[in-house]
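Novice: To start, I am sharing the structure in question, which I have written as structure tokens.
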Amino acid sequence: MPNLKKVIPLFLFLLIHGYADFKSDLAARYARGLNAILFFTSEDIISSGHYTFDALDGSLDSYFFPFSYPFKSDCDDYNYYLNGSVGFSNYKEDNINLNRGAIDSLKLRTYAFKIGGGTRFNTSTNTDIKLGAAYIYSRVDGSYKTSQPLNLNNVNDKAIHTIFNSIQNHHTFEVSSSFGYHPVINDFKPYTRIGIRHFTTKADDSFANIKNIQSSISQLKVGLITPPVTSLFGLPLRLEPYASSIFLSGDLDNALNLNKFYVVGTTFRFGSYPLTCWVEDVASLKRDSIDWLKEVTFDINLVKGDNFDGFNIGLGVKF
């Protein structure tokens with residue numbers, strides 16, 4: 001007969017260890033969705049759109065509205081700027097098999113806003129360096145869909161409910177730097193910008209193994225801003241075709257199984273200084289000046305990477 005004093009502690013160790021591994025797997029799935037969501041709050045990259053992650057059998061629909069405001073400076077050598085975004089997103093991961101006898105799915109709905117700013121240093125007539133920082137707040141509402149109802153008396157099902165069917169608040173801090181080259185050639189403005197961003201997210205304390213999410217994003221972008229090609233409603237329209245290479249590292253790469261992707265698109269820039277519009281004045285139309293709104297942008301692009309693709313249609317404003 002085996003020694004129960006030795007067998008029982010061993011059984012408890014295996015049981016607890018197995019539960020810890022199960023909960024760790026749940027937290028890892030949650031972290032994947034959280035990483036995907038937080039990545040797309042950065043309006044400088046691809047903003048709103050629909051994206052699929054083939055390796056994860058997941059998809060993301062994001063709707064973010066970016067804004068920016070450059071402050072006037074008495075010195076030509078530098079100026080300060082404010083930027084940010086606000087919006088929401090839906091992340092879905094299908095075909096989740098947690099050995100419950102059912103194929104389930106996870107949905108994460110997120111509301112987020114970003115506020116940040118920095119300094120732009122004009123190192124020469126055609127070059128500049130930008131240094132910035134930002135704070136991102138996100139509220140994630142999780143929903144686990146299963147054909148087999150969760151039994152909260154079961155430790156594994158209770159862990160699923162605790163992690164996936166929850167509302168969590170997360171705080172992300174971003175620091176960034178970039179170098180730009182932007183000459184003017186016959187009223188055309190070609191440019192190249194190289195930049196890097198580092199993100200640190202403080203996740204909810206109940207998920208100890210994903211308490212801190214750290215990632216870096218490097219970007220090489222080339223483009224061209226044309227002189228006005230036409231006008232709509234009295235507003236000049238400039239075109240900005242561009243292409244970008246994006247490289248991911250840290251927890252983003254590990255969670256999404258994605259280390260690089262490419263973006264090709266065009267931005268339509270409406271407006272000038274000052275921007276004008278038509279407003280109705282009782283019996284007649286008159287033209288008013290909106291000095292505080294400098295530019296409205298409409299962006300469309302395609303995104304492609306290993307096991308990842310999507311498209312973006314975005315609207316933004318510059319004050």
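Going through the structure tokens in order, the chains are called A, B, and so on, while each chain numbers its residues from 1 and the ligands are numbered from 1 in the order shown.
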Quick one: residues within 12 Å of Asn301 in chain A, only C-alpha atoms counted, chain neighbours fewer than 2 positions away excluded, as a ChimeraX atom specification?

Specialist: /A:45-51,240-244,262-268,298-299,303-304,309-314

Novice: Which residue out of A:Phe88, A:Tyr144, A:Phe308, A:Tyr30 has the minimum interatomic distance to Asp157 in chain A when only C-alpha atoms are used?

Specialist: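 Closest candidate: A:Tyr144.
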
Novice: Can you list every residue in range 198-257 of chain A that DSSP puts in strand (DSSP E), as a ChimeraX atom specification?

Specialist: /A:198-202,212-225,230-232,235-250

Novice: So that I can see what lies close to Thr200 in chain A, please list as a PyMOL selection string the residues with an atom at most 6 Å from it, counting only C-alpha atoms and leaving out residues fewer than 2 positions away in the same chain.

Specialist: chain A and resi 172-173+213-214

Novice: What's around Ser147 in chain A at 10 Å? Count only C-alpha atoms, leave out sequence neighbours fewer than 3 positions away in its own chain, and write the answer as an mmCIF file with C-alpha atoms, in the first residue's frame.

Specialist:
```cif
data_model
loop_
_atom_site.group_PDB
_atom_site.id
_atom_site.type_symbol
_atom_site.label_atom_id
_atom_site.label_comp_id
_atom_site.auth_asym_id
_atom_site.auth_seq_id
_atom_site.Cartn_x
_atom_site.Cartn_y
_atom_site.Cartn_z
ATOM 1 C CA GLY A 101 -15.908 19.317 -24.939
ATOM 2 C CA ALA A 102 -16.788 22.473 -26.887
ATOM 3 C CA ILE A 103 -15.190 24.856 -29.374
ATOM 4 C CA ASP A 104 -15.558 28.322 -27.915
ATOM 5 C CA SER A 105 -14.784 31.947 -28.791
ATOM 6 C CA LEU A 150 -19.594 27.431 -17.426
#
```

Novice: Take CA of Val229 in chain A and CA of Lys189 in chain A and report the distance between them in Å, one decimal.

Specialist: 13.6 Å

Novice: Step one, run DSSP on the backbone; step two, keep only residues of range 99-304 of chain A assigned to helix (DSSP H, G or I); then write them as a PyMOL selection string.

Specialist: chain A and resi 155-164+208-210+251-256

Novice: Excluding Ser218 in chain A and its own-chain neighbours fewer than 3 positions away, which residues fall within 12 Å of it when counting only C-alpha atoms? Please give them as a PyMOL selection string.

Specialist: chain A and resi 44-45+176-179+193-199+215+221+244-250+259-262

Novice: Nearest to Phe67 in chain A: which of A:Val175, A:Ala28, A:Ile115, A:Leu252 is it, counting only C-alpha atoms?

Specialist: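 Looking only at the distances to Phe67 in chain A, the closest residue turns out to be A:Ile115.
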
Novice: One number please: CA of Thr110 in chain A to CA of Asn83 in chain A, in Å, one decimal.

Specialist: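 Separation between CA of Thr110 in chain A and CA of Asn83 in chain A: 20.2 Å.
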
Novice: Please list as a list in words every residue within 10 Å of Asn169 in chain A, counting only C-alpha atoms and excluding residues in the same chain fewer than 4 positions away.

Specialist: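 Here the answer would be Thr110, Tyr111, Ala112, Tyr137, Ser138, Arg139, Val140, Asp141, Lys202, Ala203 and Asp204 of chain A.
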
Novice: Let me make sure I understand: among A:Ile96, A:Leu106, A:Val184, A:Leu237, which one has the smallest atom-to-atom distance to Asn165 in chain A if we use only C-alpha atoms?

Specialist: A:Leu106
